[in-house]
$ cat protein.txt   # compact mmCIF, C-alpha atoms
# COMPACT_ATOMS: atom_id res chain seq x y z
CA MET W 59 0.00 0.00 0.00
CA THR W 60 3.04 2.30 0.30
CA ARG W 61 3.65 2.31 -3.47
CA LEU W 62 1.00 2.37 -6.15
CA PRO W 63 1.75 -0.26 -8.85
CA ARG W 64 2.91 1.36 -12.07
CA PRO W 65 0.12 -0.02 -14.31
CA ALA W 66 -2.47 1.13 -11.76
CA ALA W 67 -0.82 4.57 -11.53
CA ILE W 68 -0.91 4.92 -15.32
CA VAL W 69 -4.58 3.92 -15.49
CA LEU W 70 -5.52 6.26 -12.64
CA LEU W 71 -3.60 9.19 -14.12
CA ALA W 72 -5.23 8.56 -17.50
CA LEU W 73 -8.66 8.41 -15.85
CA LEU W 74 -7.94 11.61 -13.92
CA ALA W 75 -6.84 13.35 -17.12
CA LEU W 76 -9.99 12.23 -18.93
CA LEU W 77 -12.16 13.43 -16.05
CA ALA W 78 -10.39 16.77 -15.75
CA ALA W 79 -10.55 17.43 -19.49
CA TYR W 80 -14.11 16.17 -20.08
CA PRO W 81 -15.65 19.67 -20.14
CA LEU W 82 -13.19 20.49 -22.97
CA TYR W 83 -13.89 17.54 -25.24
CA GLY W 84 -17.31 16.44 -24.02
CA SER W 85 -19.19 19.29 -25.65
CA LEU W 86 -17.46 18.51 -28.96
CA LEU W 87 -17.83 14.73 -28.95
CA PHE W 88 -21.26 14.52 -27.28
CA PRO W 89 -22.99 17.86 -27.96
CA GLU W 90 -26.50 16.51 -27.33
CA LYS W 91 -25.60 14.48 -24.23
CA TYR W 92 -22.90 16.71 -22.78
CA ALA W 93 -24.95 18.03 -19.84
CA PHE W 94 -26.39 14.59 -19.08
CA LEU W 95 -22.98 12.91 -19.13
CA LEU W 96 -21.49 15.69 -17.02
CA GLN W 97 -24.07 15.02 -14.32
CA LYS W 98 -23.72 11.24 -14.72
CA VAL W 99 -19.94 11.27 -14.34
CA THR W 100 -20.31 13.54 -11.31
CA GLY W 101 -22.61 10.95 -9.75
CA ILE W 102 -20.18 8.13 -10.55
CA MET W 103 -17.34 9.97 -8.80
CA ILE W 104 -19.56 10.37 -5.73
CA LEU W 105 -20.25 6.63 -5.74
CA ALA W 106 -16.52 6.00 -6.18
CA ILE W 107 -15.85 7.98 -2.99
CA MET W 108 -18.34 5.78 -1.17
CA ALA W 109 -16.81 2.60 -2.64
CA MET W 110 -13.30 3.60 -1.52
CA SER W 111 -14.55 4.34 1.99
CA LEU W 112 -16.17 0.90 2.13
CA ASP W 113 -12.96 -0.74 0.92
CA LEU W 114 -11.22 0.60 4.02
CA LEU W 115 -13.54 -1.61 6.05
CA VAL W 116 -14.00 -4.60 3.74
CA GLY W 117 -10.70 -4.95 1.92
CA ILE W 118 -8.28 -3.46 4.43
CA ALA W 119 -9.64 -4.10 7.94
CA GLY W 120 -11.60 -7.25 7.08
CA MET W 121 -14.97 -5.89 8.24
CA VAL W 122 -17.67 -6.72 5.66
CA SER W 123 -20.44 -4.19 6.22
CA LEU W 124 -23.93 -4.22 4.73
CA GLY W 125 -24.95 -1.03 6.49
CA HIS W 126 -22.47 1.42 5.00
CA ALA W 127 -25.21 3.25 3.12
CA ALA W 128 -26.60 4.42 6.46
CA PHE W 129 -23.71 6.89 6.71
CA PHE W 130 -24.02 7.84 3.05
CA GLY W 131 -27.70 8.62 3.56
CA LEU W 132 -27.15 10.36 6.88
CA GLY W 133 -24.67 12.75 5.25
CA GLY W 134 -27.29 13.62 2.63
CA TYR W 135 -30.08 14.01 5.16
CA MET W 136 -27.96 16.32 7.27
CA LEU W 137 -27.70 18.71 4.31
CA ALA W 138 -31.47 18.60 3.89
CA ILE W 139 -32.06 19.22 7.60
CA LEU W 140 -29.52 22.05 7.80
CA SER W 141 -30.75 23.79 4.63
CA PRO W 142 -33.40 26.48 5.27
CA GLN W 143 -36.40 26.05 2.99
CA TYR W 144 -35.89 27.97 -0.28
CA GLU W 145 -32.56 29.27 1.04
CA ALA W 146 -28.98 28.11 0.71
CA ALA W 147 -27.10 26.52 3.56
CA ASP W 148 -23.67 27.85 4.46
CA ILE W 149 -21.29 25.06 3.46
CA TRP W 150 -18.79 26.13 6.14
CA VAL W 151 -21.45 25.27 8.72
CA ALA W 152 -23.45 22.51 7.04
CA LEU W 153 -20.56 20.32 5.90
CA PRO W 154 -18.64 20.19 9.22
CA LEU W 155 -21.88 19.59 11.15
CA ALA W 156 -22.92 16.85 8.74
CA LEU W 157 -19.56 15.07 8.94
CA ALA W 158 -19.38 15.48 12.72
CA THR W 159 -22.86 13.96 13.06
CA VAL W 160 -21.93 11.02 10.83
CA ALA W 161 -18.70 10.50 12.79
CA ALA W 162 -20.54 10.57 16.13
CA VAL W 163 -23.25 8.15 15.00
CA SER W 164 -20.71 5.81 13.40
CA ALA W 165 -18.64 5.81 16.60
CA VAL W 166 -21.65 4.51 18.54
CA ILE W 167 -22.60 1.96 15.88
CA GLY W 168 -18.98 0.91 15.42
CA ALA W 169 -18.40 0.46 19.15
CA LEU W 170 -21.25 -2.04 19.21
CA SER W 171 -20.55 -3.68 15.85
CA ILE W 172 -16.83 -4.42 16.23
CA ARG W 173 -17.58 -6.67 19.18
CA THR W 174 -18.66 -9.22 16.55
CA ASN W 175 -16.92 -10.82 13.58
CA GLY W 176 -17.79 -12.50 10.30
CA ILE W 177 -21.47 -13.18 9.65
CA SER W 178 -22.44 -11.58 12.94
CA PHE W 179 -20.75 -8.32 11.94
CA ILE W 180 -22.50 -8.39 8.57
CA MET W 181 -25.88 -8.90 10.23
CA ILE W 182 -25.44 -6.24 12.92
CA THR W 183 -24.35 -3.60 10.38
CA LEU W 184 -27.28 -4.60 8.18
CA ALA W 185 -29.60 -4.21 11.17
CA PHE W 186 -28.25 -0.74 12.02
CA GLY W 187 -28.54 0.30 8.39
CA GLN W 188 -32.18 -0.79 8.22
CA MET W 189 -32.87 0.95 11.51
CA GLY W 190 -31.65 4.17 9.92
CA TYR W 191 -33.75 3.51 6.85
CA PHE W 192 -36.95 3.00 8.83
CA PHE W 193 -36.17 5.94 11.12
CA PHE W 194 -36.24 8.37 8.20
CA ASN W 195 -38.95 6.44 6.36
CA ASP W 196 -41.45 6.32 9.23
CA SER W 197 -40.82 9.69 10.90
CA ARG W 198 -41.81 13.13 9.71
CA LEU W 199 -38.22 14.29 9.90
CA ALA W 200 -37.11 15.45 6.45
CA GLY W 201 -40.26 14.35 4.67
CA GLY W 202 -40.72 10.77 5.88
CA SER W 203 -41.12 8.20 3.11
CA ASP W 204 -41.49 10.94 0.48
CA GLY W 205 -38.06 12.36 1.20
CA ALA W 206 -37.18 16.04 1.04
CA PHE W 207 -36.02 18.54 -1.56
CA ILE W 208 -32.99 20.77 -1.29
CA TYR W 209 -34.04 23.70 -3.42
CA VAL W 210 -30.83 25.71 -3.32
CA MET W 211 -27.21 24.58 -3.45
CA PRO W 212 -25.06 25.43 -0.40
CA THR W 213 -23.13 28.68 -0.64
CA VAL W 214 -19.34 28.85 -0.49
CA GLU W 215 -18.63 32.33 0.81
CA ILE W 216 -16.16 34.16 3.01
CA ALA W 217 -17.17 37.55 4.43
CA GLY W 218 -20.01 37.72 1.93
CA VAL W 219 -17.71 37.12 -1.04
CA SER W 220 -18.73 34.11 -3.15
CA LEU W 221 -15.82 31.76 -3.80
CA LEU W 222 -17.63 29.08 -5.77
CA ASN W 223 -21.01 28.94 -7.44
CA LEU W 224 -22.17 25.38 -6.82
CA GLU W 225 -25.32 26.05 -8.84
CA SER W 226 -23.05 25.76 -11.87
CA LYS W 227 -22.93 22.10 -12.86
CA LEU W 228 -19.42 22.60 -14.21
CA THR W 229 -18.17 24.10 -10.95
CA PHE W 230 -19.82 21.35 -8.94
CA TYR W 231 -18.26 18.76 -11.26
CA TYR W 232 -14.77 20.00 -10.41
CA VAL W 233 -15.63 20.23 -6.70
CA VAL W 234 -16.63 16.56 -6.74
CA LEU W 235 -13.51 15.69 -8.76
CA GLY W 236 -11.42 17.42 -6.10
CA ALA W 237 -13.25 15.54 -3.34
CA PHE W 238 -12.72 12.26 -5.22
CA VAL W 239 -8.97 12.82 -5.54
CA GLY W 240 -8.74 14.16 -1.99
CA ALA W 241 -10.54 11.14 -0.51
CA PHE W 242 -8.22 8.76 -2.35
CA LEU W 243 -5.08 10.61 -1.23
CA LEU W 244 -6.36 10.86 2.35
CA LEU W 245 -7.01 7.12 2.52
CA ARG W 246 -3.61 6.42 1.00
CA MET W 247 -1.97 8.61 3.64
CA VAL W 248 -3.91 6.91 6.42
CA LEU W 249 -2.87 3.46 5.24
CA ALA W 250 0.77 4.51 4.83
CA SER W 251 0.88 5.69 8.45
CA PRO W 252 1.75 3.44 11.43
CA PHE W 253 -1.98 3.38 12.25
CA GLY W 254 -2.78 2.20 8.74
CA ARG W 255 -0.19 -0.56 8.88
CA VAL W 256 -1.77 -1.93 12.03
CA VAL W 257 -5.22 -1.81 10.39
CA GLN W 258 -3.87 -3.73 7.40
CA ALA W 259 -2.32 -6.29 9.74
CA ILE W 260 -5.67 -6.71 11.51
CA GLY W 261 -7.26 -7.58 8.17
CA VAL W 262 -4.65 -10.32 7.70
CA ASN W 263 -4.46 -11.80 11.21
CA GLU W 264 -6.23 -10.06 14.08
CA ASN W 265 -5.07 -12.54 16.71
CA ARG W 266 -1.43 -12.00 15.83
CA VAL W 267 -1.89 -8.23 16.09
CA ARG W 268 -3.41 -8.69 19.54
CA GLY W 269 -0.49 -10.93 20.49
CA LEU W 270 1.92 -8.13 19.54
CA GLY W 271 0.31 -5.91 22.18
CA PHE W 272 -2.06 -3.84 20.05
CA ASP W 273 -5.77 -3.44 20.78
CA PRO W 274 -7.48 -4.41 17.50
CA ASP W 275 -10.88 -3.10 18.60
CA ARG W 276 -9.54 0.42 19.04
CA TYR W 277 -7.97 0.45 15.59
CA LYS W 278 -11.03 -1.10 13.97
CA LEU W 279 -13.28 1.50 15.57
CA VAL W 280 -11.19 4.39 14.28
CA ALA W 281 -11.10 2.82 10.80
CA PHE W 282 -14.87 2.32 10.98
CA VAL W 283 -15.40 6.01 11.81
CA ILE W 284 -13.03 7.20 9.08
CA GLY W 285 -14.77 5.07 6.46
CA ALA W 286 -18.22 6.15 7.63
CA THR W 287 -17.28 9.85 7.62
CA ILE W 288 -15.97 9.68 4.06
CA ALA W 289 -19.18 7.90 3.06
CA GLY W 290 -21.07 10.76 4.74
CA LEU W 291 -19.13 13.22 2.57
CA ALA W 292 -20.23 11.26 -0.51
CA GLY W 293 -23.84 11.38 0.67
CA PHE W 294 -23.59 15.13 1.30
CA LEU W 295 -22.33 15.67 -2.24
CA GLY W 296 -24.97 13.33 -3.68
CA ALA W 297 -27.77 15.22 -1.94
CA ALA W 298 -26.35 18.53 -3.16
CA GLN W 299 -26.14 17.25 -6.74
CA TYR W 300 -29.65 15.86 -7.05
CA GLY W 301 -31.32 18.30 -4.64
CA PHE W 302 -33.26 15.47 -3.06
CA VAL W 303 -32.92 12.90 -0.30
CA ASN W 304 -35.07 9.88 0.48
CA PRO W 305 -34.82 6.82 2.75
CA ALA W 306 -33.57 4.64 -0.14
CA MET W 307 -30.18 6.30 0.30
CA LEU W 308 -29.81 4.36 3.56
CA SER W 309 -31.16 1.01 2.36
CA TRP W 310 -29.23 -2.24 2.13
CA HIS W 311 -29.62 -2.06 -1.66
CA GLN W 312 -27.36 0.99 -1.68
CA SER W 313 -24.88 -0.80 0.60
CA GLY W 314 -25.00 -3.84 -1.66
CA GLN W 315 -24.30 -1.73 -4.73
CA ALA W 316 -21.23 -0.23 -3.06
CA LEU W 317 -20.06 -3.71 -2.07
CA VAL W 318 -20.42 -4.89 -5.69
CA MET W 319 -18.24 -1.96 -6.79
CA VAL W 320 -15.60 -2.98 -4.26
CA ILE W 321 -15.66 -6.60 -5.42
CA LEU W 322 -15.62 -5.76 -9.14
CA GLY W 323 -12.77 -3.32 -8.68
CA GLY W 324 -10.70 -5.45 -6.32
CA THR W 325 -10.77 -5.42 -2.54
CA GLY W 326 -7.98 -3.95 -0.46
CA THR W 327 -6.57 -1.69 -3.16
CA LEU W 328 -8.55 1.59 -2.85
CA PHE W 329 -8.02 2.36 -6.53
CA GLY W 330 -9.86 -0.84 -7.48
CA PRO W 331 -13.22 0.11 -5.95
CA ALA W 332 -12.94 3.53 -7.60
CA LEU W 333 -12.50 1.80 -10.96
CA GLY W 334 -15.26 -0.63 -9.99
CA ALA W 335 -17.68 2.27 -9.61
CA PHE W 336 -16.95 3.43 -13.15
CA VAL W 337 -17.12 -0.11 -14.57
CA LEU W 338 -20.47 -0.88 -12.92
CA GLU W 339 -22.16 2.42 -13.72
CA LEU W 340 -20.90 2.62 -17.31
CA ALA W 341 -22.01 -0.98 -17.89
CA ARG W 342 -25.42 -0.08 -16.47
CA MET W 343 -25.67 2.87 -18.86
CA GLY W 344 -24.72 0.67 -21.79
CA PHE W 345 -27.24 -2.06 -21.02
CA GLU W 346 -30.01 0.45 -20.32
CA SER W 347 -29.46 2.01 -23.73
CA VAL W 348 -29.78 -1.37 -25.45
CA THR W 349 -32.76 -3.00 -23.75
CA GLU W 350 -35.40 -2.26 -21.14
CA HIS W 351 -34.65 -5.68 -19.64
CA TRP W 352 -31.15 -4.55 -18.75
CA LEU W 353 -31.04 -6.24 -15.35
CA LEU W 354 -30.50 -9.69 -16.92
CA PRO W 355 -27.41 -8.79 -19.00
CA MET W 356 -26.21 -6.65 -16.11
CA GLY W 357 -26.31 -9.66 -13.80
CA LEU W 358 -24.52 -11.81 -16.36
CA PHE W 359 -21.87 -9.10 -16.73
CA VAL W 360 -21.22 -8.99 -12.99
CA ILE W 361 -21.00 -12.80 -12.84
CA ALA W 362 -18.58 -12.84 -15.78
CA VAL W 363 -16.29 -10.25 -14.20
CA VAL W 364 -16.26 -12.07 -10.87
CA VAL W 365 -15.51 -15.42 -12.53
CA LEU W 366 -12.92 -14.17 -15.03
CA LEU W 367 -11.32 -11.61 -12.70
CA PRO W 368 -11.57 -13.06 -9.18
CA LYS W 369 -9.38 -10.25 -7.86
CA GLY W 370 -11.24 -7.60 -9.79
CA VAL W 371 -9.95 -5.00 -12.20
CA ALA W 372 -7.21 -4.12 -9.73
CA GLY W 373 -6.01 -7.73 -9.76
CA LEU W 374 -5.56 -7.52 -13.52
CA LEU W 375 -3.44 -4.39 -13.14
CA LEU W 376 -1.41 -5.96 -10.35
CA GLN W 377 -0.65 -8.95 -12.58
CA LEU W 378 0.83 -6.58 -15.14
CA GLU W 379 3.14 -5.24 -12.42
CA ARG W 380 4.65 -8.63 -11.73
CA LYS W 381 7.80 -9.33 -13.69
CA PRO W 382 8.14 -12.76 -15.31
CA PRO W 383 10.63 -15.06 -13.56
CA PRO W 384 14.09 -15.13 -15.16
CA GLU W 385 14.66 -18.02 -17.51
CA ALA W 386 16.86 -20.78 -16.19
CA GLU W 387 20.31 -20.85 -17.67
CA ASP W 388 21.26 -23.78 -19.88
CA GLY W 389 22.88 -26.60 -17.96
CA ALA W 390 21.78 -25.21 -14.59
$ encode --input "protein.txt" --output "structure tokens"
Amino acid sequence: MTRLPRPAAIVLLALLALLAAYPLYGSLLFPEKYAFLLQKVTGIMILAIMAMSLDLLVGIAGMVSLGHAAFFGLGGYMLAILSPQYEAADIWVALPLALATVAAVSAVIGALSIRTNGISFIMITLAFGQMGYFFFNDSRLAGGSDGAFIYVMPTVEIAGVSLLNLESKLTFYYVVLGAFVGAFLLLRMVLASPFGRVVQAIGVNENRVRGLGFDPDRYKLVAFVIGATIAGLAGFLGAAQYGFVNPAMLSWHQSGQALVMVILGGTGTLFGPALGAFVLELARMGFESVTEHWLLPMGLFVIAVVVLLPKGVAGLLLQLERKPPPEAEDGA
């Protein structure tokens, strides 16, 4: 995790260049679909942030969670709750409060969840996720089952001077791109730190880590909170983009979709789940454009990727990194 494999670095830099330059070539290549694709790619990057945050738990720390969408949805709902009706929320207030709320809630849920392992951990995170879903679905808070609208984008101002106009889809696109890159670099830095090395060791052999004198539960809890908070950031951005939140953001279906992205991309790599988000969503777009019964070919596509690439897209890139063994000398 300290060094990004060269093939992966090349692919990621190429992807970043394509994303950064899309507003330049998108309007020329796709004049009729430029605005739609701009919004779609923005949404994919938001999902990629969520997938990377889940990989910290699943692929790095060995905690398979089916309730991760609860934090994604909570981040979005916090924007809706903090936004005055028909007025813009101050992002310098709304974003820190939203992330702090997600971190606090995840600390409580994590403290209870990490006491279990394996199937039990999956079930308890699923239960907490569904509790969050039904809380927002059955209460009048933020619209109940109908959800709530966010009519105005948050403002980014200092002393009354506007720094960014998030109402501009192009500006928001680059804000999300910056958040996407920032989340990846932050997670890389965390995993390269002494804390991150212990978390990686826990994912390999928790008992050995405990035998070395570390408290695995403490490290797992911090990793759980970090992953949840980054997922909350993704939810905040998703709610800002679509101007709407509903309980489905917290459902296990959303958690399952993120888990599929992690698996397709390659667990434990960070860059893999980011690529998995693009692979899954672009495949979905392709199948939807061909047939209204797109779920069948989509399922077959996922099965094919899992069977042919058991370590995901990242595994394919990692294989390219490995050098072939030197040929044996004659007579040796």
$ closest_residue --input "protein.txt" --among "W:Ala341, W:Val99, W:Ala250, W:Val320" --to "Leu76 in chain W" --atoms "only C-alpha atoms"
W:Val99
$ atom_distance --input "protein.txt" --atom1 "CA of Gly236 in chain W" --atom2 "CA of Tyr277 in chain W"
27.8 Å
$ residues_near_point --input "protein.txt" --point "(-39.2, 14.5, 4.0)" --cutoff "10 Å" --atoms "all atoms listed in the file" --output "list of chain:residue names"
W:Tyr135, W:Ala138, W:Ile139, W:Phe194, W:Asn195, W:Asp196, W:Ser197, W:Arg198, W:Leu199, W:Ala200, W:Gly201, W:Gly202, W:Ser203, W:Asp204, W:Gly205, W:Ala206, W:Phe207, W:Phe302, W:Val303, W:Asn304, W:Pro305
$ atom_distance --input "protein.txt" --atom1 "CA of Thr325 in chain W" --atom2 "CA of Ala372 in chain W"
8.1 Å
$ residues_near_point --input "protein.txt" --point "(-1.0, 1.8, 13.7)" --cutoff "12 Å" --atoms "all atoms listed in the file" --output "MDAnalysis selection string"
chainID W and resid 119 248:260 267 270:274 276:278 280:281
$ residues_around --input "protein.txt" --residues "Leu317 in chain W" --least-positions-apart "3" --cutoff "9 Å" --atoms "all atoms listed in the file" --output "short mmCIF file (atom, residue, chain, number, x, y, z; two decimals) with C-alpha atoms, in the coordinates of the input"
data_model
loop_
_atom_site.label_atom_id
_atom_site.label_comp_id
_atom_site.auth_asym_id
_atom_site.auth_seq_id
_atom_site.Cartn_x
_atom_site.Cartn_y
_atom_site.Cartn_z
CA ALA W 109 -16.81 2.60 -2.64
CA LEU W 112 -16.17 0.90 2.13
CA ASP W 113 -12.96 -0.74 0.92
CA VAL W 116 -14.00 -4.60 3.74
CA VAL W 122 -17.67 -6.72 5.66
CA SER W 123 -20.44 -4.19 6.22
CA LEU W 124 -23.93 -4.22 4.73
CA GLN W 312 -27.36 0.99 -1.68
CA SER W 313 -24.88 -0.80 0.60
CA GLY W 314 -25.00 -3.84 -1.66
CA VAL W 320 -15.60 -2.98 -4.26
CA ILE W 321 -15.66 -6.60 -5.42
CA LEU W 322 -15.62 -5.76 -9.14
CA PRO W 331 -13.22 0.11 -5.95
#
$ closest_residue --input "protein.txt" --among "W:Phe186, W:Trp150, W:Tyr83, W:Tyr231" --to "Val214 in chain W" --atoms "all atoms listed in the file"
W:Trp150
$ atom_distance --input "protein.txt" --atom1 "CA of Ile288 in chain W" --atom2 "CA of Lys227 in chain W"
22.1 Å
$ closest_residue --input "protein.txt" --among "W:Thr100, W:Ile361, W:Ile149, W:Gly334" --to "Ser220 in chain W" --atoms "all atoms listed in the file"
W:Ile149
$ closest_residue --input "protein.txt" --among "W:Phe329, W:Gln97, W:Ser309, W:Ala298" --to "Leu70 in chain W" --atoms "all atoms listed in the file"
W:Phe329
$ residues_around --input "protein.txt" --residues "Ala128 in chain W" --least-positions-apart "2" --cutoff "9 Å" --atoms "all atoms listed in the file" --output "compact mmCIF listing (two decimals) with C-alpha atoms, in the coordinates of the input"
# COMPACT_ATOMS: atom_id res chain seq x y z
CA GLY W 125 -24.95 -1.03 6.49
CA HIS W 126 -22.47 1.42 5.00
CA PHE W 130 -24.02 7.84 3.05
CA GLY W 131 -27.70 8.62 3.56
CA LEU W 132 -27.15 10.36 6.88
CA GLY W 133 -24.67 12.75 5.25
CA PHE W 186 -28.25 -0.74 12.02
CA GLY W 187 -28.54 0.30 8.39
CA GLN W 188 -32.18 -0.79 8.22
CA MET W 189 -32.87 0.95 11.51
CA GLY W 190 -31.65 4.17 9.92
CA TYR W 191 -33.75 3.51 6.85
CA ALA W 286 -18.22 6.15 7.63
CA ALA W 289 -19.18 7.90 3.06
CA GLY W 290 -21.07 10.76 4.74
CA MET W 307 -30.18 6.30 0.30
CA LEU W 308 -29.81 4.36 3.56
CA SER W 309 -31.16 1.01 2.36
CA TRP W 310 -29.23 -2.24 2.13
CA GLN W 312 -27.36 0.99 -1.68
CA SER W 313 -24.88 -0.80 0.60
$ closest_residue --input "protein.txt" --among "W:Leu367, W:Leu82, W:Val166, W:Ala316" --to "Ala292 in chain W" --atoms "only C-alpha atoms"
W:Ala316
$ residues_around --input "protein.txt" --residues "Val239 in chain W" --least-positions-apart "6" --cutoff "10 Å" --atoms "all atoms listed in the file" --output "list of chain:residue names"
W:Leu74, W:Met103, W:Ile107
